[in-house]
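Engineer: This is the structure, below, for whatever I ask next.
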Amino acid sequence: MYGRNLKAYKRTNLEAELSVADPHRVIQMMFDGLIERLSQAKGAILRNDYEYKANRINKAVGIINGLQVALDKNKDPQLFDRMYALYDYMKTLLDKASVSLDVAPIDEVIKLITPIKQAWDKIPQDVKDKTNQEILNSPDY
């Protein structure tokens, strides 16, 4: 029962944070969630917990899909294409890890996503504010 209550609390807390988070923070949370799901999937493989492994890899792929959707081709088409292809490659690695039960592809995804997350975390506040304002004022938002 405690585990279920903790899960409900975490979900409610996350939903509350997302409802007030700026677009930059949402992406930051996606990176955090992706790395957490990858670590959980890796642990599940090492414990031979294949059901949990499948769940965590599916969640990680879902987050990567969300990161792909968040890319803006209009800002920089070349960067868009490169990032989209990188995310596709990460999904391919996760499929490989899921089938082979090998943690090496998961490690590679973590190695690829970590510098992207670190760069995202270092974006100066004035740039975040300007970009968030542009996003929030766009007709597509």
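Following the order of the structure tokens, chains are lettered A, B, ..., residues in each are numbered from 1, and ligands are numbered from 1.
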Report as number ranges by chain all protein, DNA and RNA residues lying within 8 Å of stretch 28-38 of chain A, evaluated on only C-alpha atoms, omitting residues in the same chain fewer than 2 positions from it.
Structural biologist: A: 24-26, 40-42, 56-57, 59-60, 63-64, 67, 106, 110, 113-114, 117, 120-121
Engineer: Residues near A:Lys96, anyone? I mean within 10 Å using only C-alpha atoms, not counting same-chain ones fewer than 6 positions away, as number ranges by chain.
Structural biologist: A: 90, 102-106
Engineer: Limited to C-alpha atoms, could you put the picked residues into a file as a PDB file, in the first residue's frame?
Structural biologist:
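Written output follows (part.pdb):
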```
ATOM      1  CA  MET A  90      18.867   6.023 -29.495  1.00  0.00           C
ATOM      2  CA  ASP A 102      22.598  -6.324 -22.975  1.00  0.00           C
ATOM      3  CA  VAL A 103      23.157  -3.123 -20.976  1.00  0.00           C
ATOM      4  CA  ALA A 104      25.853  -1.781 -23.342  1.00  0.00           C
ATOM      5  CA  PRO A 105      23.325  -0.124 -25.704  1.00  0.00           C
ATOM      6  CA  ILE A 106      21.661   1.543 -22.711  1.00  0.00           C
TER       7      ILE A 106
END
```
Engineer: Give me the residues within 12 Å of stretch 73-84 of chain A as a PDB file with all heavy atoms, in the first residue's frame, counting only C-alpha atoms and dropping any in the same chain fewer than 5 places off.
Structural biologist:
```pdb
ATOM      1  N   ILE A  64      11.825   9.832 -25.516  1.00  0.00           N
ATOM      2  CA  ILE A  64      12.590  10.200 -26.723  1.00  0.00           C
ATOM      3  C   ILE A  64      11.640  10.669 -27.818  1.00  0.00           C
ATOM      4  O   ILE A  64      11.920  11.656 -28.511  1.00  0.00           O
ATOM      5  CB  ILE A  64      13.483   9.038 -27.195  1.00  0.00           C
ATOM      6  CG1 ILE A  64      14.587   8.770 -26.163  1.00  0.00           C
ATOM      7  CG2 ILE A  64      14.105   9.347 -28.565  1.00  0.00           C
ATOM      8  CD1 ILE A  64      15.387   7.505 -26.407  1.00  0.00           C
ATOM      9  N   ASN A  65      10.500   9.999 -27.976  1.00  0.00           N
ATOM     10  CA  ASN A  65       9.501  10.458 -28.951  1.00  0.00           C
ATOM     11  C   ASN A  65       9.055  11.880 -28.624  1.00  0.00           C
ATOM     12  O   ASN A  65       8.910  12.723 -29.521  1.00  0.00           O
ATOM     13  CB  ASN A  65       8.297   9.518 -28.973  1.00  0.00           C
ATOM     14  CG  ASN A  65       8.591   8.202 -29.662  1.00  0.00           C
ATOM     15  OD1 ASN A  65       9.490   8.092 -30.491  1.00  0.00           O
ATOM     16  ND2 ASN A  65       7.837   7.179 -29.289  1.00  0.00           N
ATOM     17  N   GLY A  66       8.853  12.162 -27.340  1.00  0.00           N
ATOM     18  CA  GLY A  66       8.467  13.510 -26.927  1.00  0.00           C
ATOM     19  C   GLY A  66       9.549  14.537 -27.227  1.00  0.00           C
ATOM     20  O   GLY A  66       9.251  15.668 -27.637  1.00  0.00           O
ATOM     21  N   LEU A  67      10.796  14.160 -27.038  1.00  0.00           N
ATOM     22  CA  LEU A  67      11.898  15.067 -27.371  1.00  0.00           C
ATOM     23  C   LEU A  67      11.952  15.324 -28.875  1.00  0.00           C
ATOM     24  O   LEU A  67      12.230  16.453 -29.305  1.00  0.00           O
ATOM     25  CB  LEU A  67      13.229  14.495 -26.873  1.00  0.00           C
ATOM     26  CG  LEU A  67      13.412  14.487 -25.350  1.00  0.00           C
ATOM     27  CD1 LEU A  67      14.609  13.629 -24.955  1.00  0.00           C
ATOM     28  CD2 LEU A  67      13.553  15.900 -24.813  1.00  0.00           C
ATOM     29  N   GLN A  68      11.659  14.301 -29.665  1.00  0.00           N
ATOM     30  CA  GLN A  68      11.634  14.496 -31.122  1.00  0.00           C
ATOM     31  C   GLN A  68      10.518  15.460 -31.512  1.00  0.00           C
ATOM     32  O   GLN A  68      10.726  16.341 -32.340  1.00  0.00           O
ATOM     33  CB  GLN A  68      11.439  13.161 -31.843  1.00  0.00           C
ATOM     34  CG  GLN A  68      12.701  12.344 -31.946  1.00  0.00           C
ATOM     35  CD  GLN A  68      12.503  11.052 -32.710  1.00  0.00           C
ATOM     36  OE1 GLN A  68      11.616  10.269 -32.390  1.00  0.00           O
ATOM     37  NE2 GLN A  68      13.343  10.828 -33.700  1.00  0.00           N
ATOM     38  N   TYR A  89      18.381   6.914 -33.566  1.00  0.00           N
ATOM     39  CA  TYR A  89      19.472   5.985 -33.249  1.00  0.00           C
ATOM     40  C   TYR A  89      19.360   5.502 -31.799  1.00  0.00           C
ATOM     41  O   TYR A  89      19.547   4.316 -31.515  1.00  0.00           O
ATOM     42  CB  TYR A  89      20.826   6.664 -33.505  1.00  0.00           C
ATOM     43  CG  TYR A  89      22.013   5.823 -33.119  1.00  0.00           C
ATOM     44  CD1 TYR A  89      22.312   4.636 -33.797  1.00  0.00           C
ATOM     45  CD2 TYR A  89      22.855   6.216 -32.088  1.00  0.00           C
ATOM     46  CE1 TYR A  89      23.415   3.865 -33.438  1.00  0.00           C
ATOM     47  CE2 TYR A  89      23.959   5.454 -31.730  1.00  0.00           C
ATOM     48  CZ  TYR A  89      24.226   4.273 -32.407  1.00  0.00           C
ATOM     49  OH  TYR A  89      25.316   3.509 -32.051  1.00  0.00           O
ATOM     50  N   MET A  90      19.033   6.406 -30.897  1.00  0.00           N
ATOM     51  CA  MET A  90      18.867   6.023 -29.495  1.00  0.00           C
ATOM     52  C   MET A  90      17.739   4.993 -29.342  1.00  0.00           C
ATOM     53  O   MET A  90      17.871   4.023 -28.585  1.00  0.00           O
ATOM     54  CB  MET A  90      18.571   7.244 -28.629  1.00  0.00           C
ATOM     55  CG  MET A  90      19.736   8.169 -28.441  1.00  0.00           C
ATOM     56  SD  MET A  90      19.230   9.597 -27.448  1.00  0.00           S
ATOM     57  CE  MET A  90      20.678  10.626 -27.590  1.00  0.00           C
ATOM     58  N   LYS A  91      16.661   5.191 -30.070  1.00  0.00           N
ATOM     59  CA  LYS A  91      15.549   4.231 -29.993  1.00  0.00           C
ATOM     60  C   LYS A  91      15.969   2.877 -30.544  1.00  0.00           C
ATOM     61  O   LYS A  91      15.596   1.841 -29.990  1.00  0.00           O
ATOM     62  CB  LYS A  91      14.320   4.781 -30.729  1.00  0.00           C
ATOM     63  CG  LYS A  91      13.689   5.962 -30.008  1.00  0.00           C
ATOM     64  CD  LYS A  91      12.370   6.390 -30.595  1.00  0.00           C
ATOM     65  CE  LYS A  91      12.509   7.046 -31.925  1.00  0.00           C
ATOM     66  NZ  LYS A  91      11.243   7.617 -32.430  1.00  0.00           N
ATOM     67  N   LEU A 112      25.266   9.311 -24.804  1.00  0.00           N
ATOM     68  CA  LEU A 112      24.864  10.275 -25.840  1.00  0.00           C
ATOM     69  C   LEU A 112      23.985  11.392 -25.285  1.00  0.00           C
ATOM     70  O   LEU A 112      24.114  12.546 -25.684  1.00  0.00           O
ATOM     71  CB  LEU A 112      24.123   9.553 -26.969  1.00  0.00           C
ATOM     72  CG  LEU A 112      24.954   8.628 -27.843  1.00  0.00           C
ATOM     73  CD1 LEU A 112      24.045   7.768 -28.719  1.00  0.00           C
ATOM     74  CD2 LEU A 112      25.931   9.425 -28.694  1.00  0.00           C
ATOM     75  N   ILE A 113      23.087  11.061 -24.384  1.00  0.00           N
ATOM     76  CA  ILE A 113      22.111  12.053 -23.911  1.00  0.00           C
ATOM     77  C   ILE A 113      22.693  12.957 -22.833  1.00  0.00           C
ATOM     78  O   ILE A 113      22.289  14.117 -22.705  1.00  0.00           O
ATOM     79  CB  ILE A 113      20.798  11.370 -23.439  1.00  0.00           C
ATOM     80  CG1 ILE A 113      19.624  12.358 -23.477  1.00  0.00           C
ATOM     81  CG2 ILE A 113      20.932  10.775 -22.066  1.00  0.00           C
ATOM     82  CD1 ILE A 113      19.220  12.810 -24.833  1.00  0.00           C
ATOM     83  N   ILE A 116      24.043  16.374 -23.921  1.00  0.00           N
ATOM     84  CA  ILE A 116      22.940  17.202 -24.423  1.00  0.00           C
ATOM     85  C   ILE A 116      22.190  17.802 -23.239  1.00  0.00           C
ATOM     86  O   ILE A 116      21.879  18.990 -23.211  1.00  0.00           O
ATOM     87  CB  ILE A 116      21.994  16.374 -25.325  1.00  0.00           C
ATOM     88  CG1 ILE A 116      22.754  15.888 -26.561  1.00  0.00           C
ATOM     89  CG2 ILE A 116      20.767  17.188 -25.720  1.00  0.00           C
ATOM     90  CD1 ILE A 116      22.029  14.834 -27.366  1.00  0.00           C
ATOM     91  N   THR A 131      13.304  32.669 -25.123  1.00  0.00           N
ATOM     92  CA  THR A 131      12.761  31.542 -25.884  1.00  0.00           C
ATOM     93  C   THR A 131      11.409  31.107 -25.346  1.00  0.00           C
ATOM     94  O   THR A 131      10.479  30.846 -26.113  1.00  0.00           O
ATOM     95  CB  THR A 131      13.756  30.363 -25.864  1.00  0.00           C
ATOM     96  OG1 THR A 131      15.010  30.826 -26.359  1.00  0.00           O
ATOM     97  CG2 THR A 131      13.263  29.219 -26.719  1.00  0.00           C
ATOM     98  N   GLU A 134       8.804  33.504 -26.524  1.00  0.00           N
ATOM     99  CA  GLU A 134       8.482  33.272 -27.941  1.00  0.00           C
ATOM    100  C   GLU A 134       7.560  32.073 -28.099  1.00  0.00           C
ATOM    101  O   GLU A 134       6.599  32.109 -28.870  1.00  0.00           O
ATOM    102  CB  GLU A 134       9.764  33.050 -28.750  1.00  0.00           C
ATOM    103  CG  GLU A 134      10.616  34.281 -28.925  1.00  0.00           C
ATOM    104  CD  GLU A 134      11.974  33.975 -29.544  1.00  0.00           C
ATOM    105  OE1 GLU A 134      12.251  32.800 -29.895  1.00  0.00           O
ATOM    106  OE2 GLU A 134      12.775  34.925 -29.682  1.00  0.00           O
ATOM    107  N   ILE A 135       7.859  31.006 -27.362  1.00  0.00           N
ATOM    108  CA  ILE A 135       7.038  29.792 -27.446  1.00  0.00           C
ATOM    109  C   ILE A 135       5.640  30.063 -26.928  1.00  0.00           C
ATOM    110  O   ILE A 135       4.637  29.698 -27.554  1.00  0.00           O
ATOM    111  CB  ILE A 135       7.702  28.632 -26.677  1.00  0.00           C
ATOM    112  CG1 ILE A 135       8.986  28.196 -27.381  1.00  0.00           C
ATOM    113  CG2 ILE A 135       6.741  27.455 -26.518  1.00  0.00           C
ATOM    114  CD1 ILE A 135       9.855  27.253 -26.579  1.00  0.00           C
TER     115      ILE A 135
END
```
Engineer: Figure out the distance between atom CA of A:Arg47 and atom CA of A:Glu108, please, to one decimal in Å.
Structural biologist: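 Answer for the atom CA of A:Glu108 to atom CA of A:Arg47 separation: 19.5 Å.
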Engineer: Hey, what's within 12 Å of A:Leu101 if we count only C-alpha atoms and toss same-chain stuff fewer than 6 positions away? As a ChimeraX atom specification, please?
Structural biologist: /A:41-51,53-54,57,93-95
